[in-house]
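Asks: I'm passing along model_12.cif; it holds mmCIF, C-alpha atoms.
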data_start
loop_
_atom_site.label_atom_id
_atom_site.label_comp_id
_atom_site.auth_asym_id
_atom_site.auth_seq_id
_atom_site.Cartn_x
_atom_site.Cartn_y
_atom_site.Cartn_z
CA MET A 1 0.00 0.00 0.00
CA PHE A 2 1.25 3.49 -0.91
CA ARG A 3 1.88 5.72 2.11
CA VAL A 4 3.04 9.28 2.39
CA ASN A 5 5.59 9.46 5.19
CA ALA A 6 5.10 13.04 6.30
CA ASP A 7 4.19 14.67 9.59
CA THR A 8 3.84 18.29 8.45
CA LEU A 9 2.25 20.13 5.56
CA GLU A 10 5.66 21.10 4.20
CA ALA A 11 6.90 17.49 4.33
CA TYR A 12 3.72 16.34 2.57
CA LEU A 13 4.21 18.85 -0.25
CA ASP A 14 7.87 17.80 -0.57
CA PHE A 15 7.18 14.04 -0.42
CA ASP A 16 6.93 13.61 -4.20
CA ARG A 17 9.08 16.20 -5.94
CA ILE A 18 7.71 15.26 -9.37
CA ARG A 19 4.09 15.92 -8.38
CA LYS A 20 4.83 18.84 -6.07
CA ILE A 21 4.14 21.31 -8.89
CA ASP A 22 0.69 19.73 -9.42
CA LEU A 23 -0.07 19.99 -5.68
CA GLU A 24 1.05 23.63 -5.70
CA LYS A 25 -1.12 24.46 -8.73
CA LEU A 26 -4.13 22.84 -7.06
CA ASP A 27 -3.34 24.65 -3.80
CA LYS A 28 -3.24 27.98 -5.64
CA LEU A 29 -6.60 27.20 -7.25
CA LEU A 30 -8.15 26.32 -3.89
CA LYS A 31 -6.82 29.49 -2.24
CA ARG A 32 -8.25 31.60 -5.07
CA PHE A 33 -11.64 29.94 -5.56
CA ALA A 34 -12.33 28.52 -2.09
CA PRO A 35 -10.82 31.16 0.22
CA GLY A 36 -13.18 30.25 3.07
CA LEU A 37 -11.62 26.78 3.36
CA LYS A 38 -8.36 27.19 5.26
CA ARG A 39 -5.51 24.79 4.48
CA TYR A 40 -4.10 22.42 7.11
CA PHE A 41 -2.30 19.08 7.39
CA HIS A 42 -4.75 16.25 8.07
CA LYS A 43 -2.84 13.53 9.94
CA GLY A 44 -5.39 10.79 9.28
CA THR A 45 -7.44 8.92 11.83
CA PRO A 46 -5.56 6.80 14.39
CA ALA A 47 -5.96 3.03 14.16
CA GLY A 48 -9.01 1.78 16.02
CA GLU A 49 -10.97 5.01 15.51
CA PRO A 50 -13.53 5.71 12.77
CA GLY A 51 -12.37 7.56 9.67
CA MET A 52 -9.74 7.20 6.96
CA ARG A 53 -6.17 6.51 8.04
CA PHE A 54 -4.19 8.26 5.32
CA LYS A 55 -2.63 11.70 5.55
CA MET A 56 -3.66 14.51 3.23
CA ILE A 57 -3.87 18.24 2.76
CA GLY A 58 -7.17 19.48 4.15
CA TYR A 59 -9.07 22.63 3.25
CA GLY A 60 -11.70 23.60 5.79
CA ARG A 61 -12.59 21.24 8.60
CA PHE A 62 -15.64 20.00 10.36
CA HIS A 63 -16.55 17.34 12.90
CA TYR A 64 -19.15 14.65 12.66
CA VAL A 65 -20.30 11.91 14.97
CA ALA A 66 -19.59 8.42 13.63
CA LYS A 67 -21.90 5.45 14.13
CA SER A 68 -19.75 4.49 17.13
CA GLY A 69 -20.61 7.82 18.77
CA GLN A 70 -17.05 9.13 18.45
CA GLN A 71 -16.45 12.58 17.02
CA VAL A 72 -14.31 12.61 13.85
CA GLU A 73 -12.55 15.57 12.23
CA TRP A 74 -12.57 15.61 8.44
CA PRO A 75 -11.63 18.11 5.71
CA VAL A 76 -14.29 19.78 3.59
CA VAL A 77 -11.88 19.30 0.67
CA GLY A 78 -9.05 16.79 1.00
CA VAL A 79 -6.13 16.42 -1.40
CA ALA A 80 -4.21 13.14 -1.20
CA LEU A 81 -1.23 11.74 -3.04
CA GLN A 82 -1.89 8.22 -4.29
CA LYS A 83 0.63 5.90 -5.94
CA ASN A 84 -0.14 7.03 -9.51
CA TYR A 85 -2.42 10.04 -9.15
CA ILE A 86 -3.70 12.82 -6.90
CA SER A 87 -7.17 12.48 -5.40
CA VAL A 88 -9.49 15.32 -4.42
CA TYR A 89 -12.24 14.43 -1.91
CA LEU A 90 -15.22 16.76 -1.51
CA SER A 91 -17.44 16.49 1.56
CA VAL A 92 -20.25 18.69 0.31
CA THR A 93 -23.65 17.77 -1.11
CA LYS A 94 -26.18 19.77 -3.06
CA ASP A 95 -29.85 18.86 -3.15
CA GLY A 96 -29.07 15.59 -1.37
CA ALA A 97 -26.39 14.37 -3.81
CA SER A 98 -22.61 14.58 -3.84
CA LEU A 99 -21.60 17.96 -5.29
CA VAL A 100 -18.75 16.45 -7.31
CA GLN A 101 -21.23 14.24 -9.18
CA SER A 102 -22.96 17.30 -10.64
CA TYR A 103 -19.65 18.08 -12.38
CA ALA A 104 -19.05 14.56 -13.71
CA GLY A 105 -17.77 14.44 -17.27
CA ARG A 106 -16.72 18.10 -17.23
CA LEU A 107 -13.67 18.17 -14.93
CA GLY A 108 -11.17 17.13 -17.59
CA GLU A 109 -9.11 13.97 -17.83
CA CYS A 110 -9.72 12.30 -14.48
CA ARG A 111 -11.25 9.33 -12.69
CA MET A 112 -14.50 9.93 -10.81
CA GLY A 113 -15.64 8.41 -7.54
CA ARG A 114 -18.80 9.01 -5.56
CA ASN A 115 -17.50 12.15 -3.88
CA ASN A 116 -14.01 12.49 -5.33
CA PHE A 117 -11.99 12.75 -8.49
CA SER A 118 -8.40 11.75 -9.26
CA PHE A 119 -5.97 13.04 -11.85
CA VAL A 120 -2.42 12.41 -13.00
CA LYS A 121 -1.43 15.95 -14.09
CA PHE A 122 -3.08 19.19 -13.00
CA ASP A 123 -2.87 20.48 -16.57
CA ASP A 124 -5.21 17.65 -17.68
CA LEU A 125 -8.03 19.20 -15.63
CA ASN A 126 -10.56 21.69 -16.97
CA PHE A 127 -9.47 24.78 -15.04
CA ALA A 128 -12.78 26.65 -15.34
CA THR A 129 -14.91 23.69 -14.26
CA VAL A 130 -12.70 22.66 -11.34
CA SER A 131 -12.62 26.31 -10.22
CA ALA A 132 -16.43 26.45 -10.33
CA LEU A 133 -16.68 23.19 -8.34
CA LEU A 134 -14.33 24.44 -5.61
CA SER A 135 -16.03 27.82 -5.45
CA GLU A 136 -19.45 26.20 -5.10
CA ALA A 137 -18.17 23.83 -2.40
CA ASP A 138 -16.80 26.80 -0.44
CA ARG A 139 -20.02 28.78 -0.82
CA ILE A 140 -22.33 25.90 0.15
CA PHE A 141 -20.27 24.74 3.13
CA ASN A 142 -19.77 28.21 4.59
CA ALA A 143 -23.40 29.23 4.02
CA ARG A 144 -24.50 26.12 5.87
CA ARG A 145 -22.04 26.73 8.67
CA SER A 146 -23.15 30.37 9.04
CA ARG A 147 -26.74 29.15 9.47
CA GLY A 148 -25.51 26.92 12.32
CA GLU A 149 -26.67 23.71 10.68
CA PRO A 150 -25.26 20.48 12.15
CA GLU A 151 -22.43 18.70 10.42
CA LYS A 152 -22.76 15.19 9.04
CA PRO A 153 -20.36 12.43 7.90
CA ALA A 154 -18.34 13.04 4.79
CA THR A 155 -16.16 10.08 3.91
CA SER A 156 -16.40 8.05 0.74
CA ARG A 157 -17.71 5.08 2.76
CA THR A 158 -20.42 7.02 4.56
CA ARG A 159 -22.97 9.55 3.48
CA PRO A 160 -21.49 12.91 2.40
CA HIS A 161 -21.75 16.17 4.31
CA ARG A 162 -25.18 17.61 3.56
CA ALA A 163 -24.96 21.24 2.65
CA ASP A 164 -27.86 21.95 0.33
CA SER A 165 -27.71 25.05 -1.80
CA THR A 166 -29.45 28.21 -0.72
#
Just give me the structure of the file as structure tokens.
Replies:
Amino acid sequence: MFRVNADTLEAYLDFDRIRKIDLEKLDKLLKRFAPGLKRYFHKGTPAGEPGMRFKMIGYGRFHYVAKSGQQVEWPVVGVALQKNYISVYLSVTKDGASLVQSYAGRLGECRMGRNNFSFVKFDDLNFATVSALLSEADRIFNARRSRGEPEKPATSRTRPHRADST
């Protein structure tokens, strides 16, 4: 299994020098189009606790209560290095469905999951469409948070964070 051996944001960005430029381009896009989602290093969930174990770059954070009753921290947008690609996880829904699914087929050359997409090179993505997706995720999540609505699970194995559009 591929693992990123990093304990800080800087070490994560430096882990794969070849793909660092792609991470930096994506980071710049997130800062510009999702400014309300602050970047941080997500250390993964410790063994024996609910949630995903792998480390990633998080943008925005929220907490949800897992089926076990434990509170779990998770990024609104997570960016993770995989063995052969970079994955972007979105924990936002619109009208009861995963927000990323409403952009399916328009994000550029990438693989789609239920609430994520993965790419090999940043330049293979459709800049305008990915920018719109990130901007909408930021707007929906922060509008929901400002209304004081409760947070819900947002991992690929559970139901996504519900943040219906306003």
Asks: Could you tell me how far CA of Leu133 (chain A) lies from CA of Met56 (chain A), in Å and to one decimal?
Replies: 19.5 Å
Asks: Ranking A:Leu30, A:Thr93, A:Ser68, A:Asp124 by minimum distance to Gly48 (chain A) and counting all atoms listed in the file, which one comes first?
Replies: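 Under the stated criterion, the closest residue is A:Ser68.
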Asks: Which one of A:Cys110, A:Met52, A:Val79, A:Ala6 sits closest to Ala66 (chain A) if you count all atoms listed in the file?
Replies: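 Once distances to Ala66 (chain A) are computed over all atoms listed in the file, the minimum belongs to A:Met52.
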Asks: For the atom pair CA of Gly44 (chain A) and CA of Arg17 (chain A), what is the interatomic distance in Å to one decimal place?
Replies: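 Separation of CA of Gly44 (chain A) and CA of Arg17 (chain A): 21.7 Å.
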Asks: Could you pull the residues within 9 Å of Arg53 (chain A), counting all atoms listed in the file, minus those fewer than 5 positions along the same chain, as a ChimeraX atom specification?
Replies: /A:43-47
Asks: Determine the nearest neighbour of Asn126 (chain A) from the options A:Gly78, A:Ala104, A:Thr8, A:Asp138, counting only C-alpha atoms.
Replies: A:Ala104
Asks: Between A:Ile140, A:Gly108, A:Phe54, A:Lys38, single out the one closest to Asp95 (chain A), counting all atoms listed in the file.
Replies: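 Between A:Ile140, A:Gly108, A:Phe54, A:Lys38, the residue approaching Asp95 (chain A) most closely is A:Ile140.
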Asks: Decode the PyMOL selection byres ((chain A and resi 57) around 12) for the given file into explicit residues and return them as a VMD selection string.
Replies: chain A and resid 4 6 to 13 23 to 24 26 to 27 30 37 to 44 54 to 56 58 to 61 74 to 81 86 to 89
Asks: So which one's closest to Val100 (chain A), A:Phe33, A:Pro50, A:Gln82, A:Leu134? Using all atoms listed in the file, please.
Replies: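 When distances to Val100 (chain A) are compared using all atoms listed in the file, the smallest one comes from A:Leu134.
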